[in-house]
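Okay, structure first, notes after.
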Amino acid sequence: MRSLLTPIVLLFAGCIGEIGDGASSNVEVPDAKDADEVGVSGARRLTAIEYRTTVFDLVGVDVSDAALVLPTDERLPFDNDFTKQTASQALIDSTDLLAGEIAEAVVADPTLRAGVVGCAPSGANDEACLRSFVIGFGRRALRRPLSDAEVERFVQYFLPHAQEAGDFWVAVDSSLRAFLQHPEFLYRIEIGDAVPGFPGMYRLNEFEIATRLAYFLWGSSPPDWLLDAAEAGELKDPEQLRNAAQILLSDERALSRLSLFHSMWLSYEQLPVSAELAQAMSSETNSLLDRVLLQEARPWSDLLLAEETFLTPELAAHYELPAPSEPGGSWVSYGESGRRGLLSHGTFLSAVSKFGDTSPTQRGLLIRTRLFCETIAKPPPELNVNVDEPPQAADPNACKIDRYSMWKTEGCSQCHLLMDPVGFGLESYDASGRFRTTEPNKPECVIDGNGSLEGVGEFNGPAQLGERMLESGQLDQCVATQIYRYAMGRFDLDGHDELFLARLVGAAQVDGQDLRMDLLFEEFVASEAFQLRREEEVSGE
């Protein structure tokens, strides 16, 4: 089968040029201001998570081993930076293997294959049924309609094999393998039409816009209704794009995408606790994201100010908070515990632990780089700092406050003063989110939980830290920047991106402050920049 499909995939790969021909006739031209806000976009390979989600939405098969088989997606902090993606033999081999597993699973299950194919074959030579399947599934898999020539290639190549085997499903199996290894399935390829007067700028067609929209909010292929809207020419108008975004955001897949974004952004994708506790912590954070951002459409900053949280009995006991009213979990007040919002969650507090315990430096670094979008320089080589060794003091039994002293050390304090005092303000909570008053196995090392945010003020614990962070005025811009990086699949931004972000943040703020994520999503997809792409600069040899 592999030797059969290798030339087939190459043959069908030739259809990529049919997405758009680059012609500039009848292309709407943006005004200069809008054009200046258009960001660079390149071919984006599906991440392992997007691959798994897309396959499940297309055929109902959960490829649980996708992350193990496909090339590793580097977290920077997100997994979809196309500037770091490279084609490789490993990619070819892994997608070939997975395509075979998926096709076999579909064909072996009468219910799955009936849903995927959409017709009941009358026999091995049922050309009409195969053609119908290729047209329908091909549009969903490649995220655009197939041309007549493409459909004909599938039918004429695979139907004879089904007839020879006396089994219609041989053709379905082979077609699925070809689709699932197709470059346009594995990559989100945007071509569009050249915009007159703006070299290197292209206006996307409506199927490319639908694909951008679906992968931005769902991390998956566009559903049929969105492809229908694209085919009907309904995705050029800003209000229609807003409406489409609202429909996508009302689906549970939007919460899954939003949860994944936050977990990679704030570095808690993998939780260093038991599976049961990790599930409870994830449920706590996802419930807060759902309530604040999707159900009640409140500002993102309200995530830091929430006065109650969703707890299971086990997680409540772990935090030493009152038990929930429902066995499966319910909302519980923080009361006078000193906790408040996302910064109190075990997910957030478990991130960036080091040397078997919390790291004030790493926690402060997380706040500075991920929530304030600041750049903290690495130690200069001449200082010979080994970051893989725990900090030491003259006394080997010294408490952490004496060991983590770089923020008081000449030559190091400039950077560490931004980080360590922030981390010390969270020290009353261990690497799994439990409250503590002393260091592990050192009852003599009392933790007071006092910290400070340089240039803003002092605090004690996550509740007060959230207040200081809001007072800094740095959150909204950084939240928008991180969402934009995730949406564009590119960490490094340029002047065009910064112009767009400045306008986007202003449009998504309520009364000039407090960024609302739902407004940010809608303003983004309704913008001219969302329908255009800027060509990557090609560096010389």
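Residue numbering restarts at 1 in every chain; chains get A, B, ... in the order shown in the structure tokens, and ligands count up from 1 in that same order.
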
* So which residues touch Gln246 (chain A) within 9 Å, counting only C-alpha atoms, skipping near sequence neighbours fewer than 5 positions away, as a ChimeraX atom specification? -> /A:241,518,522

Written selection (all heavy atoms) as a PDB file, in the first residue's frame:
ATOM      1  N   LEU A 241     -18.195  37.901   9.350  1.00  0.00           N
ATOM      2  CA  LEU A 241     -17.077  37.256  10.025  1.00  0.00           C
ATOM      3  C   LEU A 241     -17.257  37.305  11.541  1.00  0.00           C
ATOM      4  O   LEU A 241     -16.948  36.341  12.250  1.00  0.00           O
ATOM      5  CB  LEU A 241     -15.766  37.929   9.622  1.00  0.00           C
ATOM      6  CG  LEU A 241     -15.228  37.544   8.244  1.00  0.00           C
ATOM      7  CD1 LEU A 241     -14.119  38.495   7.808  1.00  0.00           C
ATOM      8  CD2 LEU A 241     -14.716  36.108   8.246  1.00  0.00           C
ATOM      9  N   ASP A 518     -13.485  38.347  24.113  1.00  0.00           N
ATOM     10  CA  ASP A 518     -14.456  38.134  23.043  1.00  0.00           C
ATOM     11  C   ASP A 518     -14.429  39.278  22.035  1.00  0.00           C
ATOM     12  O   ASP A 518     -14.520  39.065  20.823  1.00  0.00           O
ATOM     13  CB  ASP A 518     -15.868  37.950  23.613  1.00  0.00           C
ATOM     14  CG  ASP A 518     -16.358  39.173  24.368  1.00  0.00           C
ATOM     15  OD1 ASP A 518     -15.590  39.730  25.179  1.00  0.00           O
ATOM     16  OD2 ASP A 518     -17.520  39.576  24.159  1.00  0.00           O
ATOM     17  N   GLU A 522     -13.344  39.149  18.002  1.00  0.00           N
ATOM     18  CA  GLU A 522     -14.223  39.674  16.954  1.00  0.00           C
ATOM     19  C   GLU A 522     -13.544  40.783  16.157  1.00  0.00           C
ATOM     20  O   GLU A 522     -13.661  40.838  14.920  1.00  0.00           O
ATOM     21  CB  GLU A 522     -15.530  40.177  17.571  1.00  0.00           C
ATOM     22  CG  GLU A 522     -16.417  39.062  18.124  1.00  0.00           C
ATOM     23  CD  GLU A 522     -17.690  39.595  18.746  1.00  0.00           C
ATOM     24  OE1 GLU A 522     -18.105  40.720  18.363  1.00  0.00           O
ATOM     25  OE2 GLU A 522     -18.266  38.920  19.623  1.00  0.00           O
TER      26      GLU A 522
END

* alpha helix (DSSP H) per DSSP on the backbone: members of region 260-506 of chain A, as an NGL selection string -> :A and (260-265 or 275-289 or 313-319 or 346-350 or 360-366 or 400-403 or 413-424 or 461-472 or 475-488 or 495-506)

* To do: From a DSSP calculation on the backbone, collect every residue of region 142-263 of chain A in strand (DSSP E or B) and output the set as a VMD selection string.
  => chain A and resid 187 to 188 193 to 194 201 to 203

For the residues selected in the previous step, produce a file with C-alpha atoms as a CSV table (one decimal), in the first residue's frame.
chain,number,residue,atom,x,y,z
A,187,TYR,CA,-0.2,22.3,5.9
A,188,ARG,CA,-2.3,25.4,6.0
A,193,ASP,CA,-4.5,37.0,-5.1
A,194,ALA,CA,-1.8,39.7,-5.5
A,201,MET,CA,0.7,41.4,-0.3
A,202,TYR,CA,-2.1,39.0,-1.1
A,203,ARG,CA,-5.8,38.9,-0.4

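The space separating CA of Leu305 (chain A) from CA of Gly328 (chain A) comes to 24.3 Å.
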
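For region 100-102 of chain A, the non-local neighbours within 8 Å, defined as residues at least 2 positions apart in the same chain or in other chains and counting only C-alpha atoms, are Val61, Val63, Asp96, Leu97, Leu98, Glu104, Ala105, Val106 and Arg177 of chain A.
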
For the residues in the current selection, export C-alpha atoms as a compact mmCIF listing (two decimals), in the first residue's frame.
# COMPACT_ATOMS: atom_id res chain seq x y z
CA VAL A 61 -10.88 8.50 15.18
CA VAL A 63 -5.18 9.51 17.16
CA ASP A 96 2.29 7.73 6.27
CA LEU A 97 2.04 5.53 9.37
CA LEU A 98 -0.78 7.53 10.93
CA GLU A 104 -7.89 1.06 8.67
CA ALA A 105 -9.84 2.18 11.74
CA VAL A 106 -12.47 3.94 9.64
CA ARG A 177 -4.58 7.54 3.03

* Within 10 Å of Leu470 (chain A), counting only C-alpha atoms, which residues qualify if same-chain residues fewer than 2 places away don't, as a PyMOL selection string? -> chain A and resi 301-302+304-305+456+464-468+472-476+514

Proximity check region 68-99 of chain A to region 486-504 of chain A, 7 Å, nearest pairs one decimal Å, only C-alpha atoms, as JSON lines:
{"residue": "A:Phe78", "atom": "CA", "partner": "A:Tyr486", "partner_atom": "CA", "distance": 6.6}
{"residue": "A:Asn80", "atom": "CA", "partner": "A:Gly489", "partner_atom": "CA", "distance": 5.1}
{"residue": "A:Asp81", "atom": "CA", "partner": "A:Gly489", "partner_atom": "CA", "distance": 4.5}
{"residue": "A:Phe82", "atom": "CA", "partner": "A:Gly489", "partner_atom": "CA", "distance": 5.8}
{"residue": "A:Thr83", "atom": "CA", "partner": "A:Arg490", "partner_atom": "CA", "distance": 6.7}

With a distance cut-off of 10 Å and only C-alpha atoms, select the neighbouring residues of Trp169 (chain A), excluding the residue or stretch itself and same-chain residues fewer than 4 positions from it, and output the selection as a PDB file with N, CA and C atoms, in the first residue's frame.
ATOM      1  N   ALA A 103      -7.061   5.188   8.331  1.00  0.00           N
ATOM      2  CA  ALA A 103      -7.870   4.595   7.261  1.00  0.00           C
ATOM      3  C   ALA A 103      -8.364   3.207   7.651  1.00  0.00           C
ATOM      4  N   GLU A 104      -7.491   2.405   8.239  1.00  0.00           N
ATOM      5  CA  GLU A 104      -7.887   1.061   8.668  1.00  0.00           C
ATOM      6  C   GLU A 104      -8.983   1.115   9.731  1.00  0.00           C
ATOM      7  N   VAL A 106     -11.206   3.491  10.225  1.00  0.00           N
ATOM      8  CA  VAL A 106     -12.471   3.942   9.636  1.00  0.00           C
ATOM      9  C   VAL A 106     -13.140   2.818   8.862  1.00  0.00           C
ATOM     10  N   VAL A 107     -12.386   2.175   7.976  1.00  0.00           N
ATOM     11  CA  VAL A 107     -12.952   1.131   7.118  1.00  0.00           C
ATOM     12  C   VAL A 107     -13.425  -0.080   7.928  1.00  0.00           C
ATOM     13  N   ALA A 108     -12.759  -0.343   9.056  1.00  0.00           N
ATOM     14  CA  ALA A 108     -13.131  -1.508   9.872  1.00  0.00           C
ATOM     15  C   ALA A 108     -14.384  -1.285  10.702  1.00  0.00           C
ATOM     16  N   ARG A 113     -17.395   4.422   8.974  1.00  0.00           N
ATOM     17  CA  ARG A 113     -17.223   4.551   7.525  1.00  0.00           C
ATOM     18  C   ARG A 113     -18.500   5.059   6.863  1.00  0.00           C
ATOM     19  N   VAL A 117     -18.183   8.332   4.578  1.00  0.00           N
ATOM     20  CA  VAL A 117     -18.436   8.209   3.135  1.00  0.00           C
ATOM     21  C   VAL A 117     -19.733   8.905   2.735  1.00  0.00           C
ATOM     22  N   PRO A 121     -22.587   2.034  -0.694  1.00  0.00           N
ATOM     23  CA  PRO A 121     -22.191   1.539  -2.017  1.00  0.00           C
ATOM     24  C   PRO A 121     -23.025   0.333  -2.441  1.00  0.00           C
ATOM     25  N   GLY A 123     -21.916  -1.785  -4.648  1.00  0.00           N
ATOM     26  CA  GLY A 123     -20.961  -2.835  -4.971  1.00  0.00           C
ATOM     27  C   GLY A 123     -19.583  -2.259  -5.142  1.00  0.00           C
ATOM     28  N   ALA A 124     -18.633  -3.105  -5.511  1.00  0.00           N
ATOM     29  CA  ALA A 124     -17.239  -2.680  -5.616  1.00  0.00           C
ATOM     30  C   ALA A 124     -17.029  -1.630  -6.699  1.00  0.00           C
ATOM     31  N   LEU A 130     -18.334   6.582  -4.767  1.00  0.00           N
ATOM     32  CA  LEU A 130     -16.939   6.971  -4.556  1.00  0.00           C
ATOM     33  C   LEU A 130     -16.739   8.436  -4.928  1.00  0.00           C
ATOM     34  N   LEU A 159     -10.722   3.466  -8.101  1.00  0.00           N
ATOM     35  CA  LEU A 159     -11.851   2.576  -8.366  1.00  0.00           C
ATOM     36  C   LEU A 159     -11.395   1.245  -8.975  1.00  0.00           C
ATOM     37  N   HIS A 161      -8.800  -0.463  -8.367  1.00  0.00           N
ATOM     38  CA  HIS A 161      -8.271  -1.315  -7.295  1.00  0.00           C
ATOM     39  C   HIS A 161      -9.407  -1.933  -6.487  1.00  0.00           C
ATOM     40  N   ALA A 162     -10.476  -1.172  -6.281  1.00  0.00           N
ATOM     41  CA  ALA A 162     -11.645  -1.713  -5.584  1.00  0.00           C
ATOM     42  C   ALA A 162     -12.312  -2.799  -6.414  1.00  0.00           C
ATOM     43  N   ALA A 165     -10.243  -5.958  -6.331  1.00  0.00           N
ATOM     44  CA  ALA A 165     -10.332  -6.660  -5.044  1.00  0.00           C
ATOM     45  C   ALA A 165     -11.752  -7.118  -4.740  1.00  0.00           C
ATOM     46  N   ASP A 173     -10.331   3.248   1.580  1.00  0.00           N
ATOM     47  CA  ASP A 173      -9.101   3.160   2.366  1.00  0.00           C
ATOM     48  C   ASP A 173      -7.963   3.904   1.671  1.00  0.00           C
ATOM     49  N   SER A 174      -7.781   3.645   0.384  1.00  0.00           N
ATOM     50  CA  SER A 174      -6.697   4.288  -0.362  1.00  0.00           C
ATOM     51  C   SER A 174      -6.905   5.801  -0.465  1.00  0.00           C
ATOM     52  N   SER A 175      -8.150   6.215  -0.673  1.00  0.00           N
ATOM     53  CA  SER A 175      -8.443   7.654  -0.767  1.00  0.00           C
ATOM     54  C   SER A 175      -8.153   8.361   0.546  1.00  0.00           C
TER      55      SER A 175
END

* Using only C-alpha atoms, which residues sit within 9 Å of Ala529 (chain A) once same-chain residues fewer than 2 positions away are excluded, as a PyMOL selection string? -> chain A and resi 34-39+500+524-527+531-533

Write a file of the just-selected residues containing N, CA, C and O atoms, as a compact mmCIF listing (two decimals), in the first residue's frame.
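And here is the file that came out, again-v4.txt:
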# COMPACT_ATOMS: atom_id res chain seq x y z
N ASP A 34 -4.71 50.39 6.54
CA ASP A 34 -5.02 48.97 6.77
C ASP A 34 -3.89 48.08 6.24
O ASP A 34 -3.53 47.08 6.86
N ALA A 35 -3.35 48.45 5.08
CA ALA A 35 -2.29 47.64 4.49
C ALA A 35 -1.05 47.61 5.38
O ALA A 35 -0.34 46.61 5.45
N ASP A 36 -0.82 48.70 6.09
CA ASP A 36 0.37 48.78 6.95
C ASP A 36 0.23 47.89 8.18
O ASP A 36 1.22 47.68 8.90
N GLU A 37 -0.98 47.37 8.44
CA GLU A 37 -1.21 46.53 9.61
C GLU A 37 -1.19 45.03 9.29
O GLU A 37 -1.43 44.20 10.15
N VAL A 38 -0.90 44.70 8.05
CA VAL A 38 -0.94 43.29 7.62
C VAL A 38 0.34 42.58 8.02
O VAL A 38 1.45 43.05 7.72
N GLY A 39 0.19 41.44 8.69
CA GLY A 39 1.34 40.70 9.17
C GLY A 39 1.81 39.63 8.20
O GLY A 39 1.10 39.21 7.29
N PHE A 500 -0.95 47.08 14.22
CA PHE A 500 -2.24 46.39 14.28
C PHE A 500 -2.65 46.13 15.73
O PHE A 500 -3.79 46.36 16.12
N PHE A 524 -10.40 41.18 15.71
CA PHE A 524 -9.32 40.57 14.92
C PHE A 524 -9.87 39.97 13.63
O PHE A 524 -9.37 40.27 12.53
N VAL A 525 -10.90 39.13 13.74
CA VAL A 525 -11.39 38.44 12.54
C VAL A 525 -12.12 39.38 11.60
O VAL A 525 -12.22 39.10 10.40
N ALA A 526 -12.65 40.49 12.12
CA ALA A 526 -13.38 41.44 11.27
C ALA A 526 -12.45 42.46 10.62
O ALA A 526 -12.90 43.27 9.81
N SER A 527 -11.18 42.43 10.95
CA SER A 527 -10.23 43.42 10.42
C SER A 527 -9.82 43.10 8.99
O SER A 527 -9.92 41.97 8.53
N GLN A 531 -7.89 39.28 6.44
CA GLN A 531 -8.18 38.79 5.10
C GLN A 531 -6.98 38.93 4.15
O GLN A 531 -7.09 38.63 2.97
N LEU A 532 -5.86 39.36 4.69
CA LEU A 532 -4.68 39.61 3.86
C LEU A 532 -3.47 38.90 4.46
O LEU A 532 -3.47 38.54 5.63
N ARG A 533 -2.45 38.72 3.64
CA ARG A 533 -1.18 38.20 4.15
C ARG A 533 -0.04 38.95 3.50
O ARG A 533 -0.13 39.41 2.36

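Near Asp357 (chain A), within 10 Å and counting only C-alpha atoms, sit Ser350, Val352, Ser353, Asp430, Ala431, Ser432, Glu439 and Pro440 of chain A; same-chain residues fewer than 4 positions away were not included.
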
* Just how far from CA of Gly138 (chain A) is CA of Asp167 (chain A), in Å to one decimal? -> 20.9 Å

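Distance annotation: of A:Gly192, A:Phe310, A:Met517, A:Ala278, the residue with the minimal separation from Leu217 (chain A) is A:Met517; atom set is only C-alpha atoms.
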
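A straight line drawn from CA of Pro421 (chain A) to CA of Gln477 (chain A) is 23.1 Å long.
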
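Nearest to Glu320 (chain A) of all the residues A:Glu296, A:Glu336, A:Asp448, A:Glu152 is A:Glu336, based on only C-alpha atoms.
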
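Minimum distance to Gly338 (chain A) across A:Thr358, A:Glu284, A:Gly449, A:Leu366 (counting only C-alpha atoms) occurs at A:Gly449.
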